[in-house]
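Heads up, query-v1.txt below (compact mmCIF, C-alpha atoms and all ligand atoms):
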```txt
# COMPACT_ATOMS: atom_id res chain seq x y z
CA GLU A 238 314.84 -57.01 -23.88
CA LYS A 239 316.24 -58.97 -26.80
CA ARG A 240 315.58 -57.65 -30.30
CA VAL A 241 313.28 -59.58 -32.61
CA THR A 242 315.15 -60.95 -35.64
CA THR A 243 314.02 -62.99 -38.62
CA HIS A 244 315.46 -66.01 -36.79
CA VAL A 245 313.33 -65.28 -33.72
CA LEU A 246 310.23 -65.32 -35.97
CA GLN A 247 311.23 -68.72 -37.37
CA GLU A 248 311.70 -70.06 -33.81
CA MET A 249 308.25 -68.73 -32.93
CA LYS A 250 306.67 -70.65 -35.80
CA ASN A 251 308.66 -73.78 -34.88
CA ARG A 252 307.30 -73.74 -31.33
CA GLY A 253 303.80 -72.63 -32.34
CA GLU A 254 303.89 -69.14 -30.84
CA LYS A 255 301.85 -66.69 -32.93
CA ILE A 256 303.57 -63.63 -34.40
CA SER A 257 302.02 -60.18 -33.82
CA MET A 258 302.51 -57.48 -36.45
CA LEU A 259 301.07 -53.99 -36.95
CA THR A 260 301.83 -51.24 -39.41
CA GLY A 261 303.56 -48.04 -38.26
CA TYR A 262 304.50 -44.91 -40.15
CA ASP A 263 305.69 -42.34 -37.61
CA TYR A 264 307.82 -42.01 -34.48
CA SER A 265 305.12 -41.38 -31.85
CA MET A 266 302.84 -44.27 -32.85
CA ALA A 267 305.73 -46.69 -33.40
CA ARG A 268 307.02 -45.86 -29.91
CA ILE A 269 303.73 -46.97 -28.34
CA ILE A 270 303.42 -50.08 -30.53
CA ASP A 271 306.98 -51.16 -29.68
CA THR A 272 306.45 -50.49 -25.96
CA ALA A 273 303.35 -52.72 -26.09
CA GLY A 274 305.61 -55.58 -27.18
CA ILE A 275 304.73 -56.12 -30.84
CA ASP A 276 306.98 -58.58 -32.71
CA VAL A 277 307.06 -56.85 -36.10
CA ILE A 278 306.30 -53.29 -37.25
CA LEU A 279 305.56 -53.04 -40.96
CA VAL A 280 306.22 -49.67 -42.54
CA GLY A 281 303.50 -50.43 -45.07
CA ASP A 282 302.91 -48.63 -48.32
CA SER A 283 299.38 -48.33 -46.86
CA ALA A 284 300.92 -45.04 -45.68
CA SER A 285 299.83 -43.90 -49.15
CA ASN A 286 296.22 -44.37 -48.01
CA VAL A 287 296.18 -43.63 -44.28
CA MET A 288 298.91 -40.99 -44.05
CA ALA A 289 298.72 -39.27 -47.45
CA GLY A 290 295.06 -39.80 -48.37
CA HIS A 291 295.62 -41.43 -51.75
CA GLU A 292 293.01 -43.86 -53.02
CA THR A 293 295.61 -46.56 -53.73
CA THR A 294 299.13 -47.51 -52.64
CA LEU A 295 300.59 -46.77 -56.08
CA PRO A 296 301.56 -43.08 -55.72
CA ILE A 297 303.85 -43.33 -52.66
CA THR A 298 307.52 -42.83 -53.54
CA LEU A 299 310.73 -44.51 -52.38
CA ASP A 300 311.82 -41.26 -50.67
CA GLN A 301 308.50 -41.06 -48.82
CA MET A 302 308.77 -44.71 -47.68
CA ILE A 303 312.31 -44.00 -46.43
CA TYR A 304 311.03 -40.96 -44.49
CA HIS A 305 308.31 -43.05 -42.78
CA ALA A 306 310.70 -45.94 -42.13
CA SER A 307 313.44 -43.78 -40.62
CA SER A 308 310.87 -42.23 -38.24
CA VAL A 309 309.75 -45.70 -37.12
CA VAL A 310 313.30 -47.01 -36.73
CA ARG A 311 314.17 -44.13 -34.36
CA ALA A 312 311.26 -45.18 -32.11
CA VAL A 313 311.88 -48.91 -31.95
CA GLN A 314 313.94 -50.80 -29.38
CA ARG A 315 312.65 -54.35 -29.77
CA ALA A 316 310.48 -55.01 -32.84
CA LEU A 317 311.70 -56.15 -36.25
CA VAL A 318 311.08 -53.28 -38.71
CA VAL A 319 310.02 -54.41 -42.20
CA VAL A 320 309.71 -51.79 -44.95
CA ASP A 321 307.46 -52.11 -48.00
CA MET A 322 309.17 -51.51 -51.32
CA PRO A 323 306.81 -49.12 -53.13
CA PHE A 324 305.19 -49.69 -56.52
CA GLY A 325 307.70 -49.30 -59.34
CA SER A 326 310.80 -49.76 -57.20
CA TYR A 327 311.38 -53.50 -57.77
CA GLN A 328 309.31 -54.77 -60.73
CA GLY A 329 311.08 -55.30 -64.03
CA ASN A 330 314.73 -54.52 -63.37
CA SER A 331 316.33 -56.59 -60.61
CA LYS A 332 319.43 -54.37 -60.45
CA GLU A 333 317.25 -51.35 -59.76
CA ALA A 334 315.36 -53.43 -57.21
CA LEU A 335 318.62 -54.17 -55.40
CA SER A 336 319.80 -50.55 -55.41
CA ASN A 337 316.40 -49.41 -54.13
CA ALA A 338 316.43 -52.04 -51.37
CA ILE A 339 319.94 -50.90 -50.42
CA ARG A 340 318.70 -47.29 -50.24
CA ILE A 341 315.92 -48.38 -47.84
CA MET A 342 318.35 -50.27 -45.59
CA LYS A 343 321.03 -47.54 -45.61
CA GLU A 344 318.85 -44.45 -45.36
CA SER A 345 316.11 -45.71 -43.01
CA GLY A 346 317.90 -48.28 -40.86
CA GLY A 347 315.06 -50.78 -41.40
CA HIS A 348 315.78 -54.47 -40.91
CA ALA A 349 314.07 -56.08 -43.93
CA VAL A 350 311.99 -55.30 -47.01
CA LYS A 351 308.65 -56.61 -48.28
CA LEU A 352 307.74 -57.09 -51.96
CA GLU A 353 304.38 -58.00 -53.50
CA GLY A 354 304.18 -60.88 -55.95
CA GLY A 355 305.33 -64.35 -56.92
CA LYS A 356 307.36 -65.71 -59.79
CA GLU A 357 307.19 -62.45 -61.80
CA ILE A 358 309.53 -60.84 -59.23
CA LYS A 359 311.70 -63.87 -58.40
CA GLU A 360 314.84 -62.35 -59.96
CA SER A 361 314.48 -59.13 -57.93
CA ILE A 362 314.05 -61.12 -54.70
CA GLU A 363 317.10 -63.27 -55.47
CA ARG A 364 319.27 -60.23 -56.17
CA ILE A 365 318.15 -58.39 -53.03
CA LEU A 366 318.90 -61.51 -50.96
CA THR A 367 322.45 -61.65 -52.37
CA ALA A 368 323.15 -58.36 -50.55
CA GLY A 369 322.13 -59.92 -47.24
CA ILE A 370 318.85 -58.03 -47.07
CA PRO A 371 316.04 -60.17 -45.60
CA VAL A 372 312.92 -60.30 -47.81
CA MET A 373 309.30 -60.82 -46.76
CA GLY A 374 306.90 -61.94 -49.51
CA HIS A 375 303.28 -60.84 -50.00
CA LEU A 376 300.68 -62.89 -51.91
CA GLY A 377 296.91 -62.95 -52.34
CA LEU A 378 295.34 -59.52 -52.52
CA THR A 379 298.39 -57.45 -53.44
CA PRO A 380 297.14 -53.83 -53.47
CA GLN A 381 299.83 -52.59 -55.89
CA SER A 382 298.03 -54.73 -58.53
CA ILE A 383 294.58 -53.28 -57.81
CA TYR A 384 294.15 -52.09 -61.39
CA LYS A 385 294.73 -55.67 -62.59
CA PHE A 386 292.24 -57.11 -60.05
CA GLY A 387 289.73 -54.29 -60.47
CA THR A 388 288.32 -54.83 -56.96
CA TYR A 389 289.40 -55.41 -53.36
CA VAL A 390 287.35 -58.65 -52.99
CA VAL A 391 288.78 -61.92 -51.60
CA ARG A 392 291.44 -63.49 -53.88
CA ALA A 393 292.18 -67.14 -54.79
CA LYS A 394 288.64 -68.45 -54.35
CA GLU A 395 289.03 -70.28 -57.67
CA ASP A 396 291.18 -73.41 -57.91
CA ASP A 397 293.61 -72.09 -60.55
CA GLU A 398 294.46 -68.94 -58.58
CA ALA A 399 294.75 -71.00 -55.36
CA LYS A 400 297.12 -73.42 -57.09
CA ARG A 401 299.29 -70.56 -58.36
CA LEU A 402 299.35 -69.03 -54.88
CA ILE A 403 300.60 -72.27 -53.32
CA GLU A 404 303.29 -72.56 -56.03
CA ASP A 405 304.35 -68.96 -55.44
CA ALA A 406 304.52 -69.48 -51.66
CA LYS A 407 306.77 -72.53 -52.13
CA MET A 408 308.92 -70.58 -54.61
CA LEU A 409 309.30 -67.69 -52.10
CA GLU A 410 310.36 -70.16 -49.41
CA GLU A 411 312.88 -71.88 -51.71
CA THR A 412 314.25 -68.53 -52.89
CA GLY A 413 315.00 -67.61 -49.29
CA CYS A 414 312.26 -65.26 -48.07
CA PHE A 415 312.03 -65.28 -44.26
CA ALA A 416 308.22 -64.93 -44.10
CA ILE A 417 305.17 -64.30 -46.30
CA VAL A 418 302.11 -62.07 -45.83
CA LEU A 419 298.88 -63.57 -47.17
CA GLU A 420 296.19 -60.95 -47.69
CA LYS A 421 292.44 -61.56 -48.04
CA ILE A 422 292.25 -65.20 -49.14
CA PRO A 423 290.10 -68.09 -47.86
CA ALA A 424 291.11 -69.31 -44.38
CA ASP A 425 291.42 -72.94 -45.54
CA LEU A 426 293.87 -72.02 -48.28
CA ALA A 427 295.97 -69.84 -45.94
CA ALA A 428 296.11 -72.63 -43.33
CA ARG A 429 297.21 -75.07 -46.02
CA VAL A 430 300.05 -72.74 -47.09
CA ALA A 431 301.14 -72.29 -43.45
CA LYS A 432 301.31 -76.09 -43.14
CA GLU A 433 303.10 -76.72 -46.43
CA VAL A 434 305.85 -74.12 -46.08
CA THR A 435 308.25 -73.97 -43.14
CA ILE A 436 308.68 -70.15 -43.02
CA PRO A 437 306.20 -68.01 -41.01
CA ILE A 438 302.94 -67.04 -42.74
CA ILE A 439 301.42 -63.77 -41.52
CA GLY A 440 297.76 -63.25 -42.40
CA ILE A 441 295.45 -60.29 -42.89
CA GLY A 442 291.93 -61.41 -43.71
CA ALA A 443 293.37 -64.93 -44.04
CA GLY A 444 291.85 -66.64 -40.99
CA GLY A 445 293.34 -68.06 -37.79
CA GLY A 446 295.20 -71.06 -39.21
CA VAL A 447 298.37 -69.10 -40.01
CA ASP A 448 301.49 -68.26 -37.96
CA GLY A 449 300.72 -64.62 -37.19
CA GLN A 450 298.45 -61.67 -37.87
CA VAL A 451 298.91 -58.13 -39.20
CA LEU A 452 296.52 -55.17 -39.23
CA VAL A 453 296.83 -51.57 -40.37
CA VAL A 454 297.18 -49.63 -37.11
CA HIS A 455 294.77 -46.83 -38.10
CA ASP A 456 292.14 -49.46 -38.93
CA MET A 457 292.45 -51.47 -35.68
CA LEU A 458 292.35 -48.22 -33.67
CA GLY A 459 289.11 -47.23 -35.44
CA ILE A 460 290.52 -43.89 -36.60
CA ASN A 461 288.74 -44.21 -39.96
CA ASN A 462 285.07 -44.98 -39.21
CA GLU A 463 284.27 -45.62 -42.88
CA PHE A 464 286.48 -48.74 -43.32
CA ASN A 465 284.70 -51.81 -41.91
CA PRO A 466 285.71 -55.01 -43.75
CA ARG A 467 284.77 -58.36 -42.21
CA PHE A 468 288.38 -59.21 -41.26
CA LEU A 469 288.91 -56.03 -39.22
CA ARG A 470 288.56 -56.19 -35.44
CA LYS A 471 288.54 -52.71 -33.90
CA TYR A 472 290.41 -52.45 -30.60
CA ALA A 473 289.43 -48.83 -30.01
CA ASN A 474 287.10 -46.21 -31.40
CA LEU A 475 289.61 -43.41 -31.80
CA HIS A 476 287.47 -41.68 -34.42
CA GLU A 477 284.91 -40.86 -31.73
CA GLU A 478 287.56 -40.17 -29.06
CA MET A 479 289.52 -37.80 -31.26
CA LEU A 480 286.48 -36.06 -32.72
CA GLY A 481 285.20 -35.42 -29.19
CA ALA A 482 288.56 -34.11 -28.01
CA PHE A 483 288.83 -31.70 -30.96
CA GLN A 484 285.25 -30.49 -30.44
CA ARG A 485 285.77 -29.88 -26.70
CA TYR A 486 289.00 -27.96 -27.43
CA ILE A 487 287.23 -25.76 -29.99
CA GLU A 488 284.40 -25.07 -27.50
CA ASP A 489 286.86 -24.21 -24.72
CA VAL A 490 288.80 -21.81 -26.96
CA LYS A 491 285.61 -20.08 -28.15
CA ALA A 492 284.30 -19.82 -24.59
CA VAL A 493 287.63 -18.40 -23.34
CA ASP A 494 287.68 -21.34 -20.89
CA PHE A 495 291.09 -22.42 -22.22
CA PRO A 496 293.63 -21.44 -21.07
CA ASN A 497 292.70 -20.80 -17.47
CA GLU A 498 294.93 -19.16 -14.82
CA ASN A 499 296.76 -22.42 -13.99
CA GLU A 500 297.55 -22.92 -17.64
CA SER A 501 299.01 -19.42 -18.02
CA TYR A 502 302.40 -17.90 -17.07
O1 LIG B 601 300.93 -51.83 -46.56
C1 LIG B 601 300.38 -52.56 -45.71
O2 LIG B 601 299.77 -52.09 -44.73
C2 LIG B 601 300.48 -54.00 -45.88
C3 LIG B 601 299.77 -54.89 -44.90
C4 LIG B 601 298.29 -54.77 -45.03
C5 LIG B 601 300.21 -56.29 -44.99
O3 LIG B 601 301.13 -54.45 -46.79
NA NA B 602 301.76 -52.96 -48.34
```

In structure tokens, how does this file's structure come out?
Ligand code: KIV
Ligand code: NA
Amino acid sequence: EKRVTTHVLQEMKNRGEKISMLTGYDYSMARIIDTAGIDVILVGDSASNVMAGHETTLPITLDQMIYHASSVVRAVQRALVVVDMPFGSYQGNSKEALSNAIRIMKESGGHAVKLEGGKEIKESIERILTAGIPVMGHLGLTPQSIYKFGTYVVRAKEDDEAKRLIEDAKMLEETGCFAIVLEKIPADLAARVAKEVTIPIIGIGAGGGVDGQVLVVHDMLGINNEFNPRFLRKYANLHEEMLGAFQRYIEDVKAVDFPNENESY
């Protein structure tokens, strides 16, 4: 089957077909997600939370993101693979941003990068684009700025922040981003952005009026039973499934039920 490109995503928006996106961090999971027919796999810096157990996305390094991304790329035959640029790798110095984006593309084989923020990072986005690297934007609740926000509550509920978000979305489109993630903002505002810009808008906690949806794969599989925000729909309860499997294995080992004769050489 044909590979998904940034151009395919634009065609999907143009004809009104919704874009499906999930995060992925390792070979085995990415293999299943790609086989299912997902359009985009995001190697999210949420790996810092769900893979490494950090409280925020800030500690994950460029080398660690490249390790996750290269594992995902080896698994994928169809999906577009987008890689998050980690905190500290693109803010401030646009030349460093470009060399870090080049490292991601060269060393992981990913197809695009994602950066959080609006006009503060315009120069970095422009410079990365000059190298022919596709850039996805990310506005609204941008977790790398959690210490500025102070909380993970819904963003842009006030008019001034909503106005700035619309301006930033238009700037990202004009600069040449191929898509934008909008995280945890009112559905009306997200729908308005999706209407006013021509590039695809992918939402998480941003309602149904956008061009596609993204979820963190561990969350939608219900692996962590302590994370239950309103926007999250759980498509499995793997926490219970996995806990039960581990408990039955332990019991079988203790009872000398495993391995049996058929499972021995
Ligand atoms: O890192 C991540 O998982 C993300 C998505 C939630 C958009 O950036
Ligand atoms: Na992210």

Inset, instruction - Would you list the contacts of Arg364 in chain A as a VMD selection string, taking every protein, DNA or RNA residue within 8 Å and counting all atoms listed in the file, but skipping same-chain residues closer than 3 positions in sequence? - result: chain A and resid 331 to 332 334 to 335 360 to 361 367 to 368

Using all atoms listed in the file, which residues have at least one atom no more than 9 Å from ligand LIG 601 (chain B)? Output them as a PDB file with C-alpha atoms, in the frame of the given file.
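Contents of out-v2.pdb, freshly written:
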```
ATOM      1  CA  MET A 258     302.510 -57.480 -36.450  1.00  0.00           C
ATOM      2  CA  LEU A 259     301.070 -53.990 -36.950  1.00  0.00           C
ATOM      3  CA  THR A 260     301.830 -51.240 -39.410  1.00  0.00           C
ATOM      4  CA  GLY A 261     303.560 -48.040 -38.260  1.00  0.00           C
ATOM      5  CA  LEU A 279     305.560 -53.040 -40.960  1.00  0.00           C
ATOM      6  CA  VAL A 280     306.220 -49.670 -42.540  1.00  0.00           C
ATOM      7  CA  GLY A 281     303.500 -50.430 -45.070  1.00  0.00           C
ATOM      8  CA  ASP A 282     302.910 -48.630 -48.320  1.00  0.00           C
ATOM      9  CA  SER A 283     299.380 -48.330 -46.860  1.00  0.00           C
ATOM     10  CA  ALA A 284     300.920 -45.040 -45.680  1.00  0.00           C
ATOM     11  CA  SER A 285     299.830 -43.900 -49.150  1.00  0.00           C
ATOM     12  CA  ASN A 286     296.220 -44.370 -48.010  1.00  0.00           C
ATOM     13  CA  THR A 294     299.130 -47.510 -52.640  1.00  0.00           C
ATOM     14  CA  VAL A 320     309.710 -51.790 -44.950  1.00  0.00           C
ATOM     15  CA  ASP A 321     307.460 -52.110 -48.000  1.00  0.00           C
ATOM     16  CA  LYS A 351     308.650 -56.610 -48.280  1.00  0.00           C
ATOM     17  CA  LEU A 352     307.740 -57.090 -51.960  1.00  0.00           C
ATOM     18  CA  GLU A 353     304.380 -58.000 -53.500  1.00  0.00           C
ATOM     19  CA  HIS A 375     303.280 -60.840 -50.000  1.00  0.00           C
ATOM     20  CA  THR A 379     298.390 -57.450 -53.440  1.00  0.00           C
ATOM     21  CA  PRO A 380     297.140 -53.830 -53.470  1.00  0.00           C
ATOM     22  CA  VAL A 418     302.110 -62.070 -45.830  1.00  0.00           C
ATOM     23  CA  LEU A 419     298.880 -63.570 -47.170  1.00  0.00           C
ATOM     24  CA  GLU A 420     296.190 -60.950 -47.690  1.00  0.00           C
ATOM     25  CA  ILE A 439     301.420 -63.770 -41.520  1.00  0.00           C
ATOM     26  CA  GLY A 440     297.760 -63.250 -42.400  1.00  0.00           C
ATOM     27  CA  ILE A 441     295.450 -60.290 -42.890  1.00  0.00           C
ATOM     28  CA  VAL A 451     298.910 -58.130 -39.200  1.00  0.00           C
ATOM     29  CA  LEU A 452     296.520 -55.170 -39.230  1.00  0.00           C
ATOM     30  CA  VAL A 453     296.830 -51.570 -40.370  1.00  0.00           C
ATOM     31  CA  VAL A 454     297.180 -49.630 -37.110  1.00  0.00           C
TER      32      VAL A 454
END
```

Who sits within 12 Å of Pro496 in chain A, only C-alpha atoms, same chain under 6 positions skipped, as a PDB file with C-alpha atoms, in the coordinates of the input:
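Dumped everything to around_11.pdb:
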```pdb
ATOM      1  CA  TYR A 486     289.000 -27.960 -27.430  1.00  0.00           C
ATOM      2  CA  ILE A 487     287.230 -25.760 -29.990  1.00  0.00           C
ATOM      3  CA  GLU A 488     284.400 -25.070 -27.500  1.00  0.00           C
ATOM      4  CA  ASP A 489     286.860 -24.210 -24.720  1.00  0.00           C
ATOM      5  CA  VAL A 490     288.800 -21.810 -26.960  1.00  0.00           C
ATOM      6  CA  TYR A 502     302.400 -17.900 -17.070  1.00  0.00           C
TER       7      TYR A 502
END
```

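With all atoms listed in the file as the atoms that count, the residue of A:Arg311, A:His476, A:Arg392, A:Lys359 with the shortest distance to Cys414 in chain A is A:Lys359.
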
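Nearest to ligand NA 602 (chain B) of all the residues A:Tyr304, A:Tyr472, A:Phe324, A:Phe386 is A:Phe324, counting all atoms listed in the file.
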
Legend entry - Close residues, Phe468 in chain A itself excluded, 12 Å, only C-alpha atoms, min 4 positions apart in chain, as a list in words: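 Within the cut-off, the hits are Val390, Val391, Glu420, Lys421, Ile422, Pro423, Ala424, Gly440, Ile441, Gly442, Ala443, Gly444, Gly445, Gln450, Val451, Leu452, Val453, Asp456, Met457 and Phe464 of chain A.
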
For the residues selected in the previous step, produce a file with C-alpha atoms as a compact mmCIF listing (two decimals), in the frame of the given file.
```
# COMPACT_ATOMS: atom_id res chain seq x y z
CA VAL A 390 287.35 -58.65 -52.99
CA VAL A 391 288.78 -61.92 -51.60
CA GLU A 420 296.19 -60.95 -47.69
CA LYS A 421 292.44 -61.56 -48.04
CA ILE A 422 292.25 -65.20 -49.14
CA PRO A 423 290.10 -68.09 -47.86
CA ALA A 424 291.11 -69.31 -44.38
CA GLY A 440 297.76 -63.25 -42.40
CA ILE A 441 295.45 -60.29 -42.89
CA GLY A 442 291.93 -61.41 -43.71
CA ALA A 443 293.37 -64.93 -44.04
CA GLY A 444 291.85 -66.64 -40.99
CA GLY A 445 293.34 -68.06 -37.79
CA GLN A 450 298.45 -61.67 -37.87
CA VAL A 451 298.91 -58.13 -39.20
CA LEU A 452 296.52 -55.17 -39.23
CA VAL A 453 296.83 -51.57 -40.37
CA ASP A 456 292.14 -49.46 -38.93
CA MET A 457 292.45 -51.47 -35.68
CA PHE A 464 286.48 -48.74 -43.32
```

Inset, instruction - Report the distance between CA of Ile438 in chain A and CA of Arg240 in chain A in Å, rounded to one decimal place. - result: 20.1 Å

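Taking CA of Met479 in chain A as the reference point, CA of Gln314 in chain A is found at 27.7 Å.
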
Inset, instruction - Find, counting only C-alpha atoms, the residue in A:Val241, A:Leu402, A:Ala312, A:Val287 that gets nearest to Met266 in chain A. - result: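 Closest to Met266 in chain A, using only C-alpha atoms: A:Ala312.
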
Legend entry - Nearest to ligand NA 602 (chain B), chosen from A:Gly377, A:Gly274, A:Gly347, A:Gly369, with all atoms listed in the file counted in the distances: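 For ligand NA 602 (chain B), the nearest of the candidates is A:Gly377.
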
Legend entry - Among listed residues A:Val372, A:Gly329, A:His305, A:Lys250, nearest Gly346 in chain A (using only C-alpha atoms): A:His305

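With all atoms listed in the file as the atoms that count, the residue of A:Pro296, A:Gly253, A:Gly354, A:Pro371 with the shortest distance to Val319 in chain A is A:Pro371.
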
Can you list, as a CSV table (one decimal) with C-alpha atoms, keeping the file's coordinate frame, every protein, DNA or RNA residue that comes within 6 Å of Val277 in chain A when you count all atoms listed in the file, leaving out same-chain residues fewer than 2 positions away?
```
chain,number,residue,atom,x,y,z
A,258,MET,CA,302.5,-57.5,-36.4
A,275,ILE,CA,304.7,-56.1,-30.8
A,316,ALA,CA,310.5,-55.0,-32.8
A,317,LEU,CA,311.7,-56.2,-36.2
A,318,VAL,CA,311.1,-53.3,-38.7
```

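Note that the spacing between CA of Gly290 in chain A and CA of Val350 in chain A amounts to 23.0 Å.
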
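Look at everything within 8 Å of (289.3, -50.4, -34.3) using only C-alpha atoms, and the residues you get are A:His455, A:Asp456, A:Met457, A:Leu458, A:Gly459, A:Ile460, A:Leu469, A:Arg470, A:Lys471, A:Tyr472, A:Ala473, A:Asn474, A:Leu475.
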
Legend entry - Residues within 9 Å of Gly325 in chain A, all atoms listed in the file, excluding chain neighbours under 6 positions, as a list in words: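 Within the cut-off, the hits are Leu295, Thr298, Leu299 and Ala334 of chain A.
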
Box time for range 418-421 of chain A: axis-aligned, enclosing all its listed atoms, 5 Å extra on each side; report centre and edge lengths in Å to one decimal, as lines of an AutoDock Vina configuration file.
```
center_x = 297.3
center_y = -62.3
center_z = -46.9
size_x = 19.7
size_y = 12.6
size_z = 12.2
```
